[in-house]
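Coordinates as given in target-v8.pdb (PDB, C-alpha atoms and all ligand atoms):
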```pdb
ATOM      1  CA  MET A   1      -8.855 -15.600   3.756
ATOM      2  CA  SER A   2     -12.454 -14.469   3.673
ATOM      3  CA  SER A   3     -13.058 -11.231   1.830
ATOM      4  CA  ASN A   4     -15.896 -10.147   4.120
ATOM      5  CA  PRO A   5     -16.740  -8.242   6.161
ATOM      6  CA  THR A   6     -14.581  -5.256   5.273
ATOM      7  CA  LEU A   7     -14.686  -1.875   6.985
ATOM      8  CA  SER A   8     -16.877   0.664   5.207
ATOM      9  CA  ARG A   9     -14.907   3.560   3.751
ATOM     10  CA  ASP A  10     -16.349   5.854   6.363
ATOM     11  CA  ARG A  11     -15.311   3.589   9.238
ATOM     12  CA  ALA A  12     -11.852   3.149   7.717
ATOM     13  CA  ARG A  13     -11.460   6.928   7.468
ATOM     14  CA  ARG A  14     -12.513   7.378  11.106
ATOM     15  CA  PHE A  15     -10.266   4.528  12.290
ATOM     16  CA  TYR A  16      -7.165   5.901  10.543
ATOM     17  CA  ASP A  17      -7.960   9.476  11.558
ATOM     18  CA  ARG A  18      -7.960   8.269  15.163
ATOM     19  CA  LEU A  19      -4.880   6.066  14.781
ATOM     20  CA  GLY A  20      -2.803   8.841  13.189
ATOM     21  CA  ALA A  21       0.900   8.559  13.993
ATOM     22  CA  GLY A  22       0.179   5.272  15.831
ATOM     23  CA  GLN A  23       0.293   3.637  12.376
ATOM     24  CA  ASP A  24       4.090   3.865  12.561
ATOM     25  CA  SER A  25       4.090   1.382  15.439
ATOM     26  CA  GLN A  26       3.387  -1.383  12.877
ATOM     27  CA  THR A  27       6.951  -1.254  11.517
ATOM     28  CA  TRP A  28       7.980  -4.317  13.567
ATOM     29  CA  TYR A  29       6.219  -6.594  11.086
ATOM     30  CA  GLU A  30       6.012  -4.306   8.034
ATOM     31  CA  ALA A  31       9.697  -3.366   7.719
ATOM     32  CA  PRO A  32      11.036  -6.723   6.415
ATOM     33  CA  ALA A  33       8.293  -6.887   3.741
ATOM     34  CA  LEU A  34       8.887  -3.265   2.722
ATOM     35  CA  ALA A  35      12.613  -3.985   2.438
ATOM     36  CA  ARG A  36      11.768  -6.903   0.100
ATOM     37  CA  LEU A  37       9.481  -4.623  -1.922
ATOM     38  CA  VAL A  38      12.264  -2.059  -2.321
ATOM     39  CA  GLU A  39      14.648  -4.825  -3.482
ATOM     40  CA  GLN A  40      12.174  -6.026  -6.106
ATOM     41  CA  ALA A  41      10.591  -2.794  -7.360
ATOM     42  CA  ASP A  42      13.696  -1.320  -9.061
ATOM     43  CA  LEU A  43      12.842   2.096  -7.652
ATOM     44  CA  ALA A  44      16.181   3.559  -8.661
ATOM     45  CA  ALA A  45      14.884   3.410 -12.254
ATOM     46  CA  ALA A  46      11.674   5.291 -11.395
ATOM     47  CA  SER A  47      11.079   8.918 -12.258
ATOM     48  CA  ALA A  48       7.546   9.369 -10.902
ATOM     49  CA  VAL A  49       5.865   7.395  -8.123
ATOM     50  CA  VAL A  50       2.229   7.419  -7.003
ATOM     51  CA  GLU A  51       1.184   5.846  -3.686
ATOM     52  CA  ILE A  52      -2.366   4.781  -2.795
ATOM     53  CA  GLY A  53      -2.924   4.995   0.977
ATOM     54  CA  CYS A  54       0.290   6.806   1.934
ATOM     55  CA  GLY A  55      -0.472   6.791   5.672
ATOM     56  CA  THR A  56       1.948   8.948   7.665
ATOM     57  CA  GLY A  57       4.389   9.233   4.746
ATOM     58  CA  ARG A  58       6.964   7.099   6.547
ATOM     59  CA  PHE A  59       7.687   4.772   3.613
ATOM     60  CA  ALA A  60       7.674   7.692   1.169
ATOM     61  CA  ALA A  61      10.279   9.566   3.231
ATOM     62  CA  GLU A  62      12.530   6.482   3.274
ATOM     63  CA  LEU A  63      12.190   6.081  -0.488
ATOM     64  CA  LEU A  64      12.772   9.751  -1.261
ATOM     65  CA  ASP A  65      15.888   9.665   0.920
ATOM     66  CA  ALA A  66      17.470   6.685  -0.801
ATOM     67  CA  PRO A  67      16.207   4.605  -3.752
ATOM     68  CA  LEU A  68      14.304   7.468  -5.376
ATOM     69  CA  THR A  69      17.427   9.632  -5.284
ATOM     70  CA  ALA A  70      19.822   6.890  -6.379
ATOM     71  CA  GLY A  71      21.545   6.754  -9.727
ATOM     72  CA  ASP A  72      24.226   8.812 -11.362
ATOM     73  CA  PRO A  73      23.111  11.500 -11.946
ATOM     74  CA  PRO A  74      20.552  11.259  -9.080
ATOM     75  CA  SER A  75      17.116  10.562 -10.486
ATOM     76  CA  GLY A  76      15.309  12.969  -8.148
ATOM     77  CA  ALA A  77      12.071  11.098  -8.798
ATOM     78  CA  THR A  78       8.800  12.774  -7.861
ATOM     79  CA  TYR A  79       6.247  11.339  -5.432
ATOM     80  CA  ARG A  80       2.462  11.847  -5.128
ATOM     81  CA  GLY A  81       0.734  10.163  -2.193
ATOM     82  CA  PHE A  82      -3.026   9.875  -1.642
ATOM     83  CA  ASP A  83      -4.960   8.847   1.453
ATOM     84  CA  LEU A  84      -8.550   8.628   2.596
ATOM     85  CA  SER A  85      -7.704  10.019   6.049
ATOM     86  CA  PRO A  86      -7.141  13.790   6.343
ATOM     87  CA  THR A  87      -5.135  13.159   9.538
ATOM     88  CA  MET A  88      -2.768  10.830   7.664
ATOM     89  CA  VAL A  89      -2.392  13.333   4.814
ATOM     90  CA  ASP A  90      -1.553  16.061   7.311
ATOM     91  CA  LEU A  91       1.113  13.853   8.939
ATOM     92  CA  ALA A  92       2.512  12.879   5.532
ATOM     93  CA  ARG A  93       2.681  16.508   4.372
ATOM     94  CA  ARG A  94       4.654  17.495   7.445
ATOM     95  CA  ARG A  95       6.983  14.523   7.104
ATOM     96  CA  LEU A  96       7.612  15.155   3.404
ATOM     97  CA  ALA A  97       7.895  18.957   3.594
ATOM     98  CA  SER A  98      11.697  18.869   3.396
ATOM     99  CA  PHE A  99      11.486  17.265  -0.076
ATOM    100  CA  GLY A 100       9.796  20.416  -1.429
ATOM    101  CA  GLU A 101       8.195  20.165  -4.883
ATOM    102  CA  ARG A 102       9.332  16.553  -5.317
ATOM    103  CA  ALA A 103       6.740  15.200  -2.875
ATOM    104  CA  ARG A 104       3.054  15.906  -2.385
ATOM    105  CA  ALA A 105       0.345  14.240  -0.308
ATOM    106  CA  GLU A 106      -3.357  14.710  -0.959
ATOM    107  CA  THR A 107      -6.669  13.414   0.313
ATOM    108  CA  THR A 108      -8.748  11.114  -1.882
ATOM    109  CA  SER A 109     -12.386  10.117  -1.646
ATOM    110  CA  GLY A 110     -11.088   6.544  -1.425
ATOM    111  CA  GLU A 111     -12.099   5.513  -4.930
ATOM    112  CA  PRO A 112     -10.544   6.012  -8.339
ATOM    113  CA  PRO A 113      -9.872   7.956 -10.440
ATOM    114  CA  LEU A 114      -7.090  10.024  -8.912
ATOM    115  CA  PRO A 115      -6.660  13.540 -10.345
ATOM    116  CA  LEU A 116      -3.667  12.473 -12.433
ATOM    117  CA  ALA A 117      -3.109  12.069 -16.188
ATOM    118  CA  ASP A 118      -2.938   8.720 -17.986
ATOM    119  CA  GLY A 119       0.624   7.377 -18.025
ATOM    120  CA  CYS A 120       1.880   9.910 -15.469
ATOM    121  CA  CYS A 121       4.141   7.575 -13.468
ATOM    122  CA  ASP A 122       6.301   4.476 -13.629
ATOM    123  CA  ARG A 123       5.561   3.008 -10.178
ATOM    124  CA  VAL A 124       2.267   2.728  -8.299
ATOM    125  CA  LEU A 125       2.842   1.684  -4.680
ATOM    126  CA  SER A 126       0.351   0.560  -2.089
ATOM    127  CA  THR A 127       1.324  -1.062   1.189
ATOM    128  CA  TYR A 128      -1.130  -2.568   3.700
ATOM    129  CA  VAL A 129      -4.088  -0.953   1.940
ATOM    130  CA  PHE A 130      -5.422  -3.440  -0.671
ATOM    131  CA  ASP A 131      -5.792  -5.949   2.191
ATOM    132  CA  LEU A 132      -8.489  -3.797   3.793
ATOM    133  CA  LEU A 133     -10.493  -3.109   0.630
ATOM    134  CA  PRO A 134     -13.474  -5.083  -0.679
ATOM    135  CA  GLU A 135     -12.550  -7.257  -3.661
ATOM    136  CA  ASP A 136     -14.324  -5.044  -6.216
ATOM    137  CA  GLU A 137     -12.363  -2.023  -4.952
ATOM    138  CA  ILE A 138      -9.066  -3.905  -5.253
ATOM    139  CA  ALA A 139      -9.878  -4.560  -8.925
ATOM    140  CA  ALA A 140     -10.891  -0.912  -9.413
ATOM    141  CA  TRP A 141      -7.613   0.376  -7.917
ATOM    142  CA  ALA A 142      -5.636  -2.095 -10.028
ATOM    143  CA  ALA A 143      -7.405  -0.766 -13.139
ATOM    144  CA  GLU A 144      -6.544   2.763 -12.001
ATOM    145  CA  ALA A 145      -2.891   1.753 -11.563
ATOM    146  CA  ARG A 146      -2.920   0.417 -15.136
ATOM    147  CA  ARG A 147      -4.240   3.799 -16.357
ATOM    148  CA  LEU A 148      -1.574   5.734 -14.442
ATOM    149  CA  LEU A 149       1.410   3.575 -15.412
ATOM    150  CA  ARG A 150       3.585   4.292 -18.436
ATOM    151  CA  PRO A 151       4.616   1.338 -20.597
ATOM    152  CA  GLY A 152       7.038  -0.771 -18.545
ATOM    153  CA  GLY A 153       5.697   0.662 -15.268
ATOM    154  CA  ARG A 154       5.070  -1.490 -12.213
ATOM    155  CA  LEU A 155       2.434  -1.944  -9.547
ATOM    156  CA  CYS A 156       4.216  -2.623  -6.240
ATOM    157  CA  LEU A 157       2.197  -4.019  -3.335
ATOM    158  CA  ALA A 158       2.673  -5.353   0.186
ATOM    159  CA  GLY A 159      -0.055  -6.558   2.502
ATOM    160  CA  ILE A 160      -1.144  -9.007   5.151
ATOM    161  CA  ALA A 161      -1.187 -12.598   3.822
ATOM    162  CA  PRO A 162      -2.053 -16.159   4.821
ATOM    163  CA  GLY A 163       0.710 -17.872   6.808
ATOM    164  CA  THR A 164       3.263 -20.235   5.311
ATOM    165  CA  GLY A 165       4.828 -22.358   8.089
ATOM    166  CA  LEU A 166       3.053 -23.742  11.139
ATOM    167  CA  GLY A 167       3.688 -20.699  13.353
ATOM    168  CA  SER A 168       2.538 -18.087  10.865
ATOM    169  CA  LYS A 169      -0.455 -20.250   9.822
ATOM    170  CA  LEU A 170      -1.572 -20.227  13.459
ATOM    171  CA  VAL A 171      -1.003 -16.498  13.874
ATOM    172  CA  MET A 172      -2.673 -15.556  10.601
ATOM    173  CA  GLY A 173      -5.563 -17.952  11.278
ATOM    174  CA  LEU A 174      -6.117 -16.120  14.549
ATOM    175  CA  TRP A 175      -5.849 -12.779  12.702
ATOM    176  CA  SER A 176      -8.531 -13.918  10.209
ATOM    177  CA  GLY A 177     -10.797 -14.963  13.069
ATOM    178  CA  VAL A 178     -10.436 -11.575  14.765
ATOM    179  CA  HIS A 179     -11.087  -9.858  11.434
ATOM    180  CA  ARG A 180     -14.262 -11.863  10.878
ATOM    181  CA  LEU A 181     -15.575 -10.961  14.343
ATOM    182  CA  ALA A 182     -14.435  -7.334  14.548
ATOM    183  CA  PRO A 183     -12.509  -6.025  11.513
ATOM    184  CA  VAL A 184     -11.816  -2.716  13.216
ATOM    185  CA  VAL A 185      -9.545  -4.432  15.775
ATOM    186  CA  VAL A 186      -7.028  -5.180  12.981
ATOM    187  CA  GLY A 187      -7.549  -1.890  11.142
ATOM    188  CA  GLY A 188      -9.738  -3.648   8.576
ATOM    189  CA  CYS A 189      -6.781  -5.647   7.187
ATOM    190  CA  ARG A 190      -7.203  -9.376   6.508
ATOM    191  CA  PRO A 191      -4.809 -12.027   5.165
ATOM    192  CA  LEU A 192      -5.105 -12.061   1.380
ATOM    193  CA  HIS A 193      -3.441 -13.333  -1.785
ATOM    194  CA  VAL A 194      -3.851 -10.226  -3.888
ATOM    195  CA  ALA A 195      -2.716 -11.341  -7.381
ATOM    196  CA  PRO A 196      -5.971 -13.159  -8.313
ATOM    197  CA  LEU A 197      -7.953 -10.058  -7.311
ATOM    198  CA  LEU A 198      -6.168  -7.603  -9.621
ATOM    199  CA  GLY A 199      -8.166  -8.626 -12.682
ATOM    200  CA  ASP A 200      -6.863  -9.952 -15.981
ATOM    201  CA  GLY A 201      -3.845  -8.682 -17.817
ATOM    202  CA  TRP A 202      -1.188  -8.451 -15.101
ATOM    203  CA  GLN A 203       2.171 -10.131 -15.437
ATOM    204  CA  VAL A 204       3.564 -11.005 -12.003
ATOM    205  CA  LEU A 205       7.282 -10.151 -11.858
ATOM    206  CA  HIS A 206       7.761 -11.026  -8.205
ATOM    207  CA  ARG A 207       5.625 -12.595  -5.517
ATOM    208  CA  SER A 208       6.828 -13.782  -2.126
ATOM    209  CA  THR A 209       5.761 -14.032   1.489
ATOM    210  CA  VAL A 210       7.815 -12.517   4.283
ATOM    211  CA  VAL A 211       7.141 -13.601   7.868
ATOM    212  CA  ALA A 212       8.092 -11.363  10.793
ATOM    213  CA  TRP A 213       7.232 -12.430  14.348
ATOM    214  CA  GLY A 214       4.625 -14.860  12.969
ATOM    215  CA  ILE A 215       2.906 -12.204  10.851
ATOM    216  CA  ALA A 216       2.922 -12.953   7.128
ATOM    217  CA  SER A 217       3.049 -10.274   4.445
ATOM    218  CA  GLU A 218       2.839 -10.823   0.713
ATOM    219  CA  VAL A 219       5.034  -8.739  -1.574
ATOM    220  CA  LEU A 220       3.896  -8.446  -5.177
ATOM    221  CA  VAL A 221       5.387  -6.604  -8.144
ATOM    222  CA  ALA A 222       3.396  -6.775 -11.375
ATOM    223  CA  GLN A 223       3.179  -4.982 -14.671
ATOM    224  CA  PRO A 224       0.395  -4.606 -17.185
ATOM    225  CA  ALA A 225       0.761  -7.483 -19.647
ATOM    226  CA  GLY A 226       1.088  -6.920 -23.361
TER
HETATM  227  C1  LIG A 301      -2.847   0.027   7.321
HETATM  228  S1  LIG A 301      -2.651   1.695   6.840
HETATM  229  C2  LIG A 301      -1.172   1.607   5.851
HETATM  230  C3  LIG A 301      -0.493   2.934   5.692
HETATM  231  C4  LIG A 301       0.820   2.907   4.939
HETATM  232  N1  LIG A 301       0.646   2.556   3.550
HETATM  233  C5  LIG A 301       1.795   1.969   5.612
HETATM  234  O1  LIG A 301       2.196   0.954   5.006
HETATM  235  O2  LIG A 301       2.202   2.254   6.761
HETATM  236  C6  LIG A 301      -3.918   1.899   5.615
HETATM  237  C7  LIG A 301      -3.972   3.300   5.036
HETATM  238  O3  LIG A 301      -4.823   3.290   3.893
HETATM  239  C8  LIG A 301      -5.705   4.389   3.952
HETATM  240  N2  LIG A 301      -6.898   3.989   3.201
HETATM  241  C9  LIG A 301      -7.871   3.117   3.554
HETATM  242  N3  LIG A 301      -8.762   2.969   2.566
HETATM  243  C10 LIG A 301      -8.342   3.771   1.558
HETATM  244  C11 LIG A 301      -8.845   4.053   0.245
HETATM  245  N4  LIG A 301      -9.969   3.487  -0.209
HETATM  246  N5  LIG A 301      -8.167   4.937  -0.517
HETATM  247  C12 LIG A 301      -7.040   5.527  -0.050
HETATM  248  N6  LIG A 301      -6.524   5.303   1.168
HETATM  249  C13 LIG A 301      -7.156   4.420   1.951
HETATM  250  C14 LIG A 301      -5.922   4.608   5.434
HETATM  251  O4  LIG A 301      -6.395   5.898   5.730
HETATM  252  C15 LIG A 301      -4.541   4.344   5.993
HETATM  253  O5  LIG A 301      -3.728   5.490   5.983
END
```

Written as structure tokens, how would this file's structure read?
Ligand SMILES: C[S@@+](CC[C@H](N)C(=O)[O-])C[C@H]1O[C@@H](n2cnc3c(N)ncnc32)[C@H](O)[C@@H]1O
Amino acid sequence: MSSNPTLSRDRARRFYDRLGAGQDSQTWYEAPALARLVEQADLAAASAVVEIGCGTGRFAAELLDAPLTAGDPPSGATYRGFDLSPTMVDLARRRLASFGERARAETTSGEPPLPLADGCCDRVLSTYVFDLLPEDEIAAWAAEARRLLRPGGRLCLAGIAPGTGLGSKLVMGLWSGVHRLAPVVVGGCRPLHVAPLLGDGWQVLHRSTVVAWGIASEVLVAQPAG
């Protein structure tokens, strides 16, 4: 669960530029955690969603197809995704093109603020991104999420986590060891409990660990307290 070393922003950008569409091969362990996140995030009630680290736009396309169009009448929620990697943004733009004005993907320098107004959205999503950031950057992105969220809005996260049972403890222990030796081998991601790193003033609405093929992911839904 060590927080160091993390990939520098420049190395992360180069890694994900190279990986490109290969990121979608991670679905075998991500999909069950993302399904849990969708269950818990009440996306059908959302009207505007912002994603930090949108990758190839795969999750966004799934959401825009179903939960973000649910409701009667259909909510037709909007989506804005941001990513450090120009290659990922290019892939996401192509994947989301059919959603027209509802969905946009843009590059970010990798640090807040995003070019968005205070209180512009009701969900901030980030999946398998906070787990590769240094702790101070996790707190900075959480503060940015607080700025972007309207009252009642939610921060919705999934990421690599410490194991729970014997099997996943072994697998995630091995993952941590690899990360300590060569973070780039695991894309910079390390097993993390993210809630204590968000900073004060978050009310946790849901927190659970999902294990798929020995790989543990933490799902967290929180809202600004007070
Ligand atoms: C492990 S991938 C996850 C992608 C996607 N969210 C998913 O679940 O498939 C991490 C993504 O975060 C992006 N990223 C890394 N650091 C970032 C930062 N500081 N700001 C924005 N995006 C970042 C990477 O370029 C990459 O697309």

Can you list, as a PyMOL selection string, every protein, DNA or RNA residue that comes within 7 Å of A:Met172 when you count only C-alpha atoms, leaving out same-chain residues fewer than 6 positions away?
chain A and resi 162-163+191+215

Listed atoms of ligand LIG 301 (chain A) boxed along x, y and z, 3 Å each side, centre and edge lengths in Å, one decimal, as JSON:
```
{"center_x": -3.9, "center_y": 3.0, "center_z": 3.4, "size_x": 18.2, "size_y": 11.9, "size_z": 13.8}
```

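Nearest-residue note for A:Phe130: choosing from A:Asp42, A:Glu51, A:Asp90, A:Asp200, the minimum distance belongs to A:Glu51, counting all atoms listed in the file.
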
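Once the PyMOL selection byres (((chain A and resi 141) around 9) and not hetatm) is applied to the depicted file, the selected set reads A:Ile52, A:Glu111, A:Pro112, A:Pro113, A:Phe130, A:Asp136, A:Glu137, A:Ile138, A:Ala139, A:Ala140, A:Ala142, A:Ala143, A:Glu144, A:Ala145, A:Arg146, A:Leu198.
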
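The gap separating atom CA of A:Ala161 from atom CA of A:Glu106 is 27.8 Å, in Å to one decimal.
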
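With distances restricted to only C-alpha atoms and all ligand atoms, A:Cys189 is the closest residue to ligand LIG 301 (chain A) from A:Val50, A:Leu166, A:Cys189, A:Val221.
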
Neighbouring residues of A:Val129 were defined as those with any atom within 9 Å, considering all atoms listed in the file; residues of the same chain fewer than 2 positions away were excluded. Please report them as a list in words.
Ile52, Gly53, Cys54, Ser126, Thr127, Asp131, Leu132, Leu133, Leu157, Ala158, Gly159 and Cys189 of chain A

Could you write out as a VMD selection string the residues that the PyMOL selection byres (((chain A and resi 109) around 12) and not hetatm) matches in the shown file?
chain A and resid 9 to 10 12 to 13 52 to 53 82 to 86 106 to 108 110 to 115
